[in-house]
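Trainee: Data file input_0.txt (compact mmCIF, C-alpha atoms and all ligand atoms) is appended below.
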```txt
# COMPACT_ATOMS: atom_id res chain seq x y z
CA MET N 57 132.10 90.00 21.03
CA LYS N 58 133.95 92.07 23.65
CA HIS N 59 134.82 90.22 26.84
CA TYR N 60 133.33 91.60 30.05
CA LYS N 61 134.34 90.16 33.40
CA ILE N 62 130.74 90.47 34.57
CA THR N 63 127.50 90.18 32.61
CA THR N 64 124.11 90.56 34.27
CA VAL N 65 120.89 89.17 32.82
CA THR N 66 117.49 90.73 33.48
CA VAL N 67 114.70 88.99 31.60
CA ASN N 68 111.98 90.89 33.44
CA PRO N 69 113.18 94.48 33.94
CA ALA N 70 110.98 97.32 35.12
CA LEU N 71 110.95 101.05 34.71
CA ASP N 72 110.65 102.18 38.33
CA LYS N 73 108.61 105.34 38.73
CA SER N 74 108.57 106.91 42.19
CA THR N 75 106.99 109.94 43.78
CA HIS N 76 106.09 111.62 47.06
CA LEU N 77 102.61 112.66 48.14
CA ARG N 78 101.01 114.01 51.27
CA GLY N 79 98.03 111.90 52.30
CA LEU N 80 96.97 108.71 50.51
CA VAL N 81 93.19 109.07 50.59
CA PRO N 82 90.46 107.48 48.43
CA GLU N 83 88.18 109.39 46.02
CA GLN N 84 90.09 112.67 46.07
CA LYS N 85 92.63 113.54 43.44
CA ILE N 86 96.07 113.02 45.00
CA ARG N 87 98.72 115.55 44.06
CA CYS N 88 102.03 113.79 43.51
CA ASP N 89 105.46 115.37 43.15
CA ALA N 90 107.26 115.16 39.81
CA PRO N 91 108.14 111.48 39.25
CA ARG N 92 111.62 110.08 39.37
CA TYR N 93 112.52 107.31 36.93
CA ASP N 94 115.01 104.53 37.56
CA ALA N 95 115.99 101.46 35.61
CA GLY N 96 115.07 98.45 37.72
CA GLY N 97 115.02 94.67 37.86
CA GLY N 98 117.42 92.28 39.58
CA GLY N 99 120.30 92.10 37.12
CA ILE N 100 120.06 95.78 36.23
CA ASN N 101 120.35 96.75 39.90
CA VAL N 102 123.38 94.50 40.21
CA SER N 103 124.99 96.30 37.25
CA LYS N 104 124.19 99.65 38.88
CA ALA N 105 125.77 98.51 42.16
CA ILE N 106 128.94 97.41 40.28
CA ALA N 107 129.07 100.82 38.58
CA ARG N 108 128.89 102.50 42.02
CA LEU N 109 132.09 100.63 42.90
CA ASN N 110 133.66 101.92 39.67
CA GLY N 111 133.47 98.42 38.23
CA GLU N 112 132.38 97.44 34.75
CA SER N 113 129.65 95.07 33.68
CA LEU N 114 127.49 94.41 30.67
CA ALA N 115 123.74 94.56 31.33
CA LEU N 116 121.82 92.22 29.09
CA PHE N 117 118.06 92.69 29.30
CA THR N 118 114.84 92.50 27.32
CA ALA N 119 113.51 95.89 26.23
CA GLY N 120 110.11 96.60 24.70
CA GLY N 121 108.50 99.86 23.64
CA PRO N 122 109.18 103.31 25.12
CA THR N 123 109.64 101.94 28.66
CA GLY N 124 112.36 99.59 27.41
CA GLU N 125 113.96 102.51 25.57
CA MET N 126 113.95 104.63 28.75
CA ILE N 127 115.65 101.88 30.73
CA LYS N 128 118.38 101.76 28.11
CA GLU N 129 118.85 105.55 28.21
CA LEU N 130 118.93 105.63 32.02
CA LEU N 131 121.61 102.93 32.14
CA LEU N 132 123.74 104.60 29.48
CA LYS N 133 123.55 107.84 31.49
CA GLU N 134 125.07 105.97 34.44
CA GLY N 135 127.89 104.77 32.21
CA ILE N 136 126.69 101.16 32.15
CA LYS N 137 127.29 99.06 29.04
CA VAL N 138 124.00 97.73 27.69
CA ASP N 139 122.93 94.96 25.37
CA PRO N 140 119.14 95.23 25.06
CA ILE N 141 117.21 92.43 23.39
CA THR N 142 114.34 94.13 21.61
CA VAL N 143 110.98 92.51 22.32
CA GLN N 144 107.46 93.23 21.13
CA ASN N 145 105.58 93.85 24.38
CA TRP N 146 106.33 96.97 26.36
CA THR N 147 108.62 96.56 29.35
CA ARG N 148 106.62 96.81 32.58
CA GLU N 149 106.68 99.71 34.99
CA SER N 150 106.62 99.63 38.76
CA PHE N 151 105.33 102.42 40.95
CA VAL N 152 106.42 103.57 44.40
CA ALA N 153 104.65 106.29 46.35
CA VAL N 154 105.90 107.69 49.64
CA ASP N 155 103.30 109.35 51.82
CA ASP N 156 105.25 112.13 53.53
CA ASN N 157 102.52 112.55 56.17
CA THR N 158 103.07 109.08 57.58
CA ASN N 159 106.48 108.29 56.06
CA SER N 160 104.97 105.08 54.64
CA GLN N 161 106.11 103.61 51.37
CA TYR N 162 103.61 101.97 49.00
CA ARG N 163 105.11 99.71 46.34
CA PHE N 164 103.08 98.61 43.33
CA GLY N 165 104.44 95.91 41.04
CA PHE N 166 103.05 94.71 37.74
CA PRO N 167 103.57 91.39 35.99
CA GLY N 168 106.13 91.44 33.22
CA ALA N 169 104.70 91.11 29.74
CA ALA N 170 105.03 87.70 28.15
CA LEU N 171 107.89 86.88 25.80
CA SER N 172 107.17 85.04 22.56
CA GLU N 173 108.84 81.70 21.74
CA LEU N 174 111.13 83.53 19.33
CA GLU N 175 112.07 86.10 21.98
CA LYS N 176 112.88 83.37 24.50
CA GLU N 177 115.13 81.82 21.86
CA MET N 178 116.78 85.22 21.30
CA VAL N 179 117.69 85.46 24.98
CA LEU N 180 119.21 81.96 24.94
CA GLU N 181 121.10 82.67 21.69
CA LYS N 182 122.49 85.85 23.24
CA VAL N 183 123.75 83.88 26.24
CA LYS N 184 125.42 81.38 23.89
CA ALA N 185 127.39 84.21 22.31
CA ILE N 186 128.58 86.06 25.42
CA ALA N 187 132.17 86.11 26.56
CA THR N 188 132.32 86.71 30.30
CA ASP N 189 133.77 85.35 33.57
CA PHE N 190 130.71 85.81 35.79
CA LEU N 191 127.08 85.67 34.70
CA VAL N 192 124.53 87.05 37.16
CA LEU N 193 120.94 85.83 36.91
CA SER N 194 118.76 87.90 39.16
CA GLY N 195 115.12 88.78 39.63
CA SER N 196 111.74 87.37 38.74
CA LEU N 197 110.64 85.79 35.48
CA ASN N 198 107.98 87.17 33.14
CA GLU N 199 104.47 85.75 33.05
CA GLY N 200 104.43 82.55 31.05
CA LEU N 201 108.17 81.88 31.10
CA PRO N 202 108.96 78.31 32.17
CA THR N 203 110.30 78.13 35.73
CA ASP N 204 113.39 76.38 34.40
CA PHE N 205 114.37 79.36 32.23
CA TYR N 206 117.30 80.31 34.51
CA LYS N 207 118.33 76.67 34.51
CA GLN N 208 118.39 76.70 30.70
CA ILE N 209 120.55 79.86 30.75
CA ALA N 210 122.84 78.43 33.45
CA GLU N 211 123.40 75.24 31.46
CA ILE N 212 124.40 77.18 28.37
CA ALA N 213 126.77 79.40 30.36
CA LYS N 214 128.42 76.46 32.08
CA LYS N 215 129.32 74.96 28.70
CA SER N 216 131.48 78.07 28.17
CA ASN N 217 133.02 77.72 31.68
CA ILE N 218 131.24 80.85 32.89
CA LYS N 219 130.68 81.11 36.64
CA VAL N 220 126.96 81.49 37.25
CA ILE N 221 125.62 83.53 40.17
CA VAL N 222 121.91 83.30 40.94
CA ASP N 223 119.63 85.45 43.07
CA THR N 224 116.04 84.43 42.65
CA SER N 225 113.40 82.63 44.66
CA GLY N 226 110.72 79.94 44.59
CA GLU N 227 110.53 77.35 41.88
CA SER N 228 112.93 79.20 39.63
CA LEU N 229 115.67 78.90 42.26
CA GLN N 230 114.73 75.30 42.99
CA LYS N 231 115.08 74.43 39.29
CA VAL N 232 118.37 76.21 38.68
CA LEU N 233 119.88 74.10 41.47
CA GLU N 234 119.31 70.97 39.39
CA THR N 235 122.44 72.14 37.61
CA ASN N 236 125.59 73.12 39.52
CA VAL N 237 126.00 76.88 39.79
CA TYR N 238 128.90 78.84 41.27
CA LEU N 239 127.12 80.97 43.86
CA ILE N 240 123.59 81.56 45.14
CA LYS N 241 122.43 84.22 47.59
CA PRO N 242 119.22 83.12 49.23
CA ASN N 243 117.96 85.05 52.25
CA VAL N 244 117.29 82.83 55.24
CA GLY N 245 113.61 82.37 54.29
CA GLU N 246 114.53 81.30 50.77
CA LEU N 247 117.13 78.88 52.16
CA ALA N 248 114.53 77.35 54.51
CA LYS N 249 112.23 76.73 51.54
CA LEU N 250 115.06 75.09 49.60
CA VAL N 251 115.57 72.54 52.34
CA GLY N 252 111.83 72.10 52.84
CA VAL N 253 111.30 73.68 56.26
CA ASP N 254 109.24 76.67 57.40
CA ARG N 255 112.05 78.51 59.16
CA LEU N 256 115.67 78.14 60.11
CA GLU N 257 117.44 79.31 63.24
CA MET N 258 120.87 80.92 62.88
CA GLU N 259 122.63 77.79 64.10
CA GLU N 260 120.87 75.68 61.45
CA VAL N 261 122.00 77.79 58.48
CA ASN N 262 125.39 76.14 58.05
CA ASP N 263 123.98 72.59 57.90
CA ALA N 264 121.18 73.58 55.53
CA ALA N 265 123.62 75.26 53.13
CA LYS N 266 126.11 72.36 53.37
CA LYS N 267 123.29 69.98 52.41
CA ILE N 268 122.61 71.90 49.20
CA ILE N 269 126.32 72.06 48.39
CA ALA N 270 126.65 68.31 49.00
CA GLN N 271 123.86 67.72 46.46
CA GLY N 272 126.11 69.38 43.86
CA SER N 273 123.78 72.35 43.40
CA ALA N 274 126.15 75.20 44.21
CA GLU N 275 129.78 75.75 45.17
CA ILE N 276 129.23 78.80 47.36
CA ILE N 277 126.11 79.82 49.27
CA VAL N 278 125.81 83.26 50.79
CA VAL N 279 122.84 83.41 53.12
CA SER N 280 121.70 86.94 53.82
CA LEU N 281 120.17 87.53 57.23
CA GLY N 282 118.84 91.09 56.90
CA PRO N 283 119.93 93.23 59.87
CA GLN N 284 121.87 90.26 61.25
CA GLY N 285 124.35 90.25 58.37
CA ALA N 286 125.27 87.23 56.27
CA ALA N 287 127.07 83.87 56.20
CA LEU N 288 129.23 82.42 53.42
CA ILE N 289 129.34 78.67 53.20
CA THR N 290 131.40 76.33 51.01
CA LYS N 291 131.78 72.56 51.26
CA ASP N 292 134.44 72.91 53.93
CA SER N 293 134.08 76.41 55.36
CA TYR N 294 131.69 78.69 57.24
CA ASP N 295 132.16 82.41 57.73
CA TYR N 296 129.75 84.88 59.29
CA VAL N 297 129.71 88.65 59.61
CA PRO N 298 127.17 90.79 61.44
CA ALA N 299 125.65 93.75 59.64
CA PRO N 300 126.91 97.10 60.82
CA ASN N 301 124.47 99.22 62.74
CA VAL N 302 123.34 101.86 60.25
CA ALA N 303 120.65 104.55 60.12
CA LYS N 304 118.20 102.53 58.04
CA LYS N 305 115.93 104.37 55.61
CA SER N 306 114.78 101.67 53.16
CA THR N 307 115.84 98.09 52.60
CA VAL N 308 114.71 98.14 48.95
CA GLY N 309 117.65 97.07 46.80
CA ALA N 310 119.70 95.70 49.71
CA GLY N 311 119.82 92.19 48.23
CA ASP N 312 120.80 93.42 44.75
CA SER N 313 123.46 95.74 46.19
CA MET N 314 124.86 92.84 48.16
CA VAL N 315 125.11 90.66 45.04
CA GLY N 316 126.70 93.59 43.17
CA GLY N 317 129.33 94.03 45.88
CA MET N 318 130.12 90.32 45.93
CA VAL N 319 130.42 89.78 42.20
CA TRP N 320 132.54 92.92 41.88
CA ALA N 321 134.87 91.59 44.62
CA LEU N 322 135.02 88.19 42.88
CA SER N 323 135.94 89.88 39.60
CA GLN N 324 138.81 91.62 41.45
CA ASN N 325 140.08 88.23 42.67
CA LYS N 326 139.39 89.09 46.31
CA SER N 327 139.34 86.29 48.91
CA LEU N 328 135.98 84.77 49.88
CA ALA N 329 136.27 86.49 53.29
CA GLU N 330 136.46 89.82 51.48
CA VAL N 331 133.71 88.86 49.04
CA LEU N 332 131.34 88.30 51.97
CA ARG N 333 132.34 91.58 53.62
CA TRP N 334 131.95 93.59 50.43
CA GLY N 335 128.50 92.05 50.04
CA VAL N 336 127.40 93.00 53.54
CA ALA N 337 129.01 96.45 53.23
CA CYS N 338 127.11 97.21 50.00
CA GLY N 339 123.84 95.66 51.25
CA SER N 340 123.91 97.61 54.49
CA ALA N 341 125.05 100.81 52.73
CA ALA N 342 121.99 100.48 50.47
CA THR N 343 119.66 100.55 53.48
CA MET N 344 120.98 104.04 54.32
CA ASN N 345 119.26 105.52 51.26
CA GLU N 346 115.64 106.18 50.44
CA GLY N 347 113.50 104.12 48.13
CA THR N 348 115.03 102.42 45.14
CA GLN N 349 118.35 104.28 45.45
CA LEU N 350 121.23 101.86 45.98
CA PHE N 351 124.31 102.95 47.94
CA LYS N 352 127.02 105.58 48.02
CA ILE N 353 130.58 104.38 47.49
CA GLU N 354 131.77 106.33 50.60
CA ASP N 355 129.32 104.40 52.78
CA ALA N 356 130.28 101.04 51.24
CA ASN N 357 134.01 101.77 51.72
CA ARG N 358 133.55 102.87 55.32
CA LEU N 359 131.41 99.84 56.23
CA PHE N 360 133.87 97.50 54.51
CA GLU N 361 136.73 98.91 56.60
CA TRP N 362 134.69 98.27 59.76
CA LEU N 363 133.74 94.73 58.65
CA LYS N 364 137.34 93.80 57.81
CA SER N 365 138.09 93.39 61.52
CA LYS N 366 134.98 91.27 62.17
N1 LIG I 401 118.06 96.54 58.62
C1 LIG I 401 119.27 96.34 58.11
N2 LIG I 401 120.36 96.91 58.70
C2 LIG I 401 121.59 96.73 58.19
N3 LIG I 401 121.85 96.00 57.09
C3 LIG I 401 120.82 95.42 56.46
C4 LIG I 401 119.47 95.56 56.92
N4 LIG I 401 118.65 94.87 56.07
C5 LIG I 401 119.46 94.34 55.13
N5 LIG I 401 120.75 94.66 55.36
C6 LIG I 401 121.94 94.28 54.55
O1 LIG I 401 121.55 93.85 53.27
C7 LIG I 401 121.90 92.47 53.08
C8 LIG I 401 120.80 91.77 52.30
O2 LIG I 401 119.58 91.90 53.00
P1 LIG I 401 118.46 90.79 53.10
O3 LIG I 401 118.97 89.62 53.83
O4 LIG I 401 117.26 91.50 53.63
O5 LIG I 401 118.31 90.37 51.57
P2 LIG I 401 117.01 90.05 50.71
O6 LIG I 401 115.94 89.50 51.59
O7 LIG I 401 117.46 89.24 49.57
O8 LIG I 401 116.62 91.50 50.24
P3 LIG I 401 115.77 91.97 48.96
O9 LIG I 401 114.43 92.23 49.52
O10 LIG I 401 116.49 93.21 48.53
O11 LIG I 401 115.82 90.86 47.95
C9 LIG I 401 122.11 91.92 54.49
O12 LIG I 401 123.00 90.83 54.47
C10 LIG I 401 122.68 93.14 55.21
O13 LIG I 401 124.06 93.30 54.91
MG MG I 402 116.51 88.99 47.68
```
Would you encode the structure as C-alpha cells?

Mentor:
Amino acid sequence: MKHYKITTVTVNPALDKSTHLRGLVPEQKIRCDAPRYDAGGGGINVSKAIARLNGESLALFTAGGPTGEMIKELLLKEGIKVDPITVQNWTRESFVAVDDNTNSQYRFGFPGAALSELEKEMVLEKVKAIATDFLVLSGSLNEGLPTDFYKQIAEIAKKSNIKVIVDTSGESLQKVLETNVYLIKPNVGELAKLVGVDRLEMEEVNDAAKKIIAQGSAEIIVVSLGPQGAALITKDSYDYVPAPNVAKKSTVGAGDSMVGGMVWALSQNKSLAEVLRWGVACGSAATMNEGTQLFKIEDANRLFEWLKSK
C-alpha cells in the first residue's frame, strides 16, 4: 500500500446539497436555485482543506449507493486521493438552504445509515493495512456504531506508530481518550465537558487541558475558541493566538479547516507554534466564505503572515 503522510477517516460522510431561495414559507411551493453538491463529513473536509494548501492526503470513507459514488467523484475532481469502503446502505445527504430575503441559513442534517457488523470490520481491517504518519479521525459516528469505535481505530493505528488526531465530541471523544492519542482539538465547550464542568473561562483552559494530558489521554490539545482564536497546550507549554478580525460570512467548516491546516503543518515538520497559527489562519479564513465552502489559500497565507507576529 502506498504511504501517505496524512490519512483521514470519515465513517459517516454526507453528500451536502445546498441552495438559495427567497422566502421560507409554509404550504406554498418554494422555488429553489439549482443545487450545489459538496462532499462532506469531518475527515473529508479535512482532506479538502489539506488540498487547498496544496498538500496531499488519502481520504478513507464509507460509501454507499449513488450518494457515496457522488462523494467519490467530487473528491477526485478536487484531486484528492480516495479509498472508499463500499457499504450497503446509501450514504446520507445533508441539506442547507439560504433564504436570500433574510440572509438566514437553515441546515438540515440526517442520521447516517447503519453499518453492518461486516462493514465495521472492513473499516477496522482497512485501518490495519494503512501506511501513514498522521491519521485524522473526525466527525460524528453513524447510528448504531459503538461510541468506542474511534477508540478501536486509534488503538489499531497506535500499534503501527501512527500519530492519531481526533476531532469529535461527546461520548466518542470521551472514549477515545481512554487511549493516548497525539492531538485533539476540542472547542472550549467540548473541553469543559471533558473535565466535567458546564463552562470554562479563558484563564481556566490551560489547567483543564493540562489535566487531560496528565491523565495520559493526549500529547497535544488545541482548544479552539471561535472568534477568540485558539490555544495549544502540551505537558509543559501553553501558547495562545487571537483570531484575526475577518469579514465573517459563515463559520461552517471552520473547525475542519483548522484541523486541516494543523495536520498539514505537522506533516511539513513545522514547529508547534506554527502548527497553531496555521490552524487559526485556516479556521478564520474559512469563516470568510459562504456556507460549506472552506477557505482560499490566499486568505490562509495572508492570515498566517499576520499571526506569525502574534
Ligand atoms: N467569528 C470568527 N472570526 C474569526 N475566526 C473564527 C470565528 N469563528 C471561528 N473562527 C476560527 O475557526 C477556528 C475554529 O472555530 P471554533 O472554535 O468555532 O471551532 P468548532 O466549534 O470546532 O467549529 P465547528 O462548528 O466547525 O466544529 C477558531 O479557532 C478561529 O480561528
Ligand atoms: Mg468542531

Trainee: Closest to ligand LIG 401 (chain I) among N:Leu247, N:Val336, N:Ala119, N:Ile353, using all atoms listed in the file?

Mentor: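 Using all atoms listed in the file, ligand LIG 401 (chain I) sits closest to N:Val336.
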
Trainee: Around ligand MG 402 (chain I), which protein and nucleic acid residues have at least one atom no more than 9 Å from it, if we count only C-alpha atoms and all ligand atoms? List them as a CSV table (one decimal) with C-alpha atoms, keeping the file's coordinate frame.

Mentor:
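To be explicit, this is the file written out as out.csv:
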```
chain,number,residue,atom,x,y,z
N,98,GLY,CA,117.4,92.3,39.6
N,194,SER,CA,118.8,87.9,39.2
N,195,GLY,CA,115.1,88.8,39.6
N,223,ASP,CA,119.6,85.4,43.1
N,224,THR,CA,116.0,84.4,42.6
N,225,SER,CA,113.4,82.6,44.7
N,241,LYS,CA,122.4,84.2,47.6
N,242,PRO,CA,119.2,83.1,49.2
N,243,ASN,CA,118.0,85.0,52.2
N,246,GLU,CA,114.5,81.3,50.8
N,280,SER,CA,121.7,86.9,53.8
N,309,GLY,CA,117.6,97.1,46.8
N,310,ALA,CA,119.7,95.7,49.7
N,311,GLY,CA,119.8,92.2,48.2
N,312,ASP,CA,120.8,93.4,44.8
```

Trainee: Given the choices N:Val154, N:Ala265, N:Leu71, N:Val183, which gets closest to Ile218 of chain N if the distance is worked out from only C-alpha atoms?

Mentor: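 Using only C-alpha atoms, the shortest distance to Ile218 of chain N belongs to N:Val183.
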
Trainee: What separation in Å, quoted to one decimal, exists between atom O5 of ligand LIG 401 (chain I) and atom CA of Gly282 of chain N?

Mentor: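 It comes out at 5.4 Å.
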
Trainee: With a distance cut-off of 12 Å and all atoms listed in the file, select the neighbouring residues of Gln144 of chain N, excluding the residue or stretch itself and same-chain residues fewer than 6 positions from it, and output the selection as a ChimeraX atom specification.

Mentor: /N:118-124,169-176

Trainee: Between atom CA of Ser306 of chain N and atom CA of Arg108 of chain N, what distance in Å does the model show, to one decimal?

Mentor: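 Atom CA of Ser306 of chain N sits 18.0 Å away from atom CA of Arg108 of chain N.
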
Trainee: Which polymer residues have any atom within 7 Å of an atom of Phe117 of chain N, counting only C-alpha atoms, with same-chain residues fewer than 6 positions away left out, as a list in words?

Mentor: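 Once the adjacent positions are removed, what remains is Val65, Thr66, Val67, Pro69, Asp139, Pro140 and Ile141 of chain N.
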
Trainee: So which residues are near ligand LIG 401 (chain I), meaning at most 8 Å away with all atoms listed in the file counted, given back as number ranges by chain?

Mentor: N: 223, 241-245, 279-286, 298-304, 307-314, 335-343

Trainee: Could you add N, CA, C and O atoms to segment 317-334 of chain N and give me the result as a CSV table (one decimal), in the frame of the given file?

Mentor:
```
chain,number,residue,atom,x,y,z
N,317,GLY,N,128.1,93.9,45.1
N,317,GLY,CA,129.3,94.0,45.9
N,317,GLY,C,130.1,92.7,45.8
N,317,GLY,O,131.3,92.7,45.6
N,318,MET,N,129.4,91.6,45.9
N,318,MET,CA,130.1,90.3,45.9
N,318,MET,C,130.7,90.0,44.6
N,318,MET,O,131.9,89.5,44.5
N,319,VAL,N,129.9,90.2,43.5
N,319,VAL,CA,130.4,89.8,42.2
N,319,VAL,C,131.6,90.7,41.8
N,319,VAL,O,132.5,90.3,41.1
N,320,TRP,N,131.4,92.0,42.2
N,320,TRP,CA,132.5,92.9,41.9
N,320,TRP,C,133.8,92.4,42.6
N,320,TRP,O,134.9,92.3,42.0
N,321,ALA,N,133.7,92.1,43.9
N,321,ALA,CA,134.9,91.6,44.6
N,321,ALA,C,135.4,90.3,44.0
N,321,ALA,O,136.7,90.1,43.9
N,322,LEU,N,134.5,89.4,43.5
N,322,LEU,CA,135.0,88.2,42.9
N,322,LEU,C,135.8,88.5,41.6
N,322,LEU,O,136.8,87.9,41.3
N,323,SER,N,135.3,89.5,40.9
N,323,SER,CA,135.9,89.9,39.6
N,323,SER,C,137.3,90.5,39.8
N,323,SER,O,138.1,90.6,38.9
N,324,GLN,N,137.5,91.0,41.1
N,324,GLN,CA,138.8,91.6,41.4
N,324,GLN,C,139.7,90.6,42.1
N,324,GLN,O,140.7,91.0,42.8
N,325,ASN,N,139.3,89.3,42.0
N,325,ASN,CA,140.1,88.2,42.7
N,325,ASN,C,140.3,88.4,44.2
N,325,ASN,O,141.3,88.0,44.7
N,326,LYS,N,139.3,89.0,44.8
N,326,LYS,CA,139.4,89.1,46.3
N,326,LYS,C,139.1,87.7,46.9
N,326,LYS,O,138.5,86.8,46.3
N,327,SER,N,139.6,87.6,48.2
N,327,SER,CA,139.3,86.3,48.9
N,327,SER,C,137.9,86.2,49.2
N,327,SER,O,137.1,87.2,49.2
N,328,LEU,N,137.4,84.9,49.5
N,328,LEU,CA,136.0,84.8,49.9
N,328,LEU,C,135.6,85.5,51.1
N,328,LEU,O,134.5,86.0,51.3
N,329,ALA,N,136.6,85.7,52.1
N,329,ALA,CA,136.3,86.5,53.3
N,329,ALA,C,135.9,87.9,52.9
N,329,ALA,O,135.0,88.6,53.4
N,330,GLU,N,136.7,88.4,51.9
N,330,GLU,CA,136.5,89.8,51.5
N,330,GLU,C,135.2,89.9,50.6
N,330,GLU,O,134.5,90.9,50.7
N,331,VAL,N,134.9,88.9,49.9
N,331,VAL,CA,133.7,88.9,49.0
N,331,VAL,C,132.5,89.0,49.9
N,331,VAL,O,131.6,89.8,49.7
N,332,LEU,N,132.5,88.2,51.0
N,332,LEU,CA,131.3,88.3,52.0
N,332,LEU,C,131.2,89.7,52.6
N,332,LEU,O,130.1,90.3,52.7
N,333,ARG,N,132.4,90.3,53.0
N,333,ARG,CA,132.3,91.6,53.6
N,333,ARG,C,132.0,92.7,52.7
N,333,ARG,O,131.3,93.6,53.0
N,334,TRP,N,132.4,92.6,51.4
N,334,TRP,CA,132.0,93.6,50.4
N,334,TRP,C,130.4,93.5,50.2
N,334,TRP,O,129.7,94.5,50.1
```
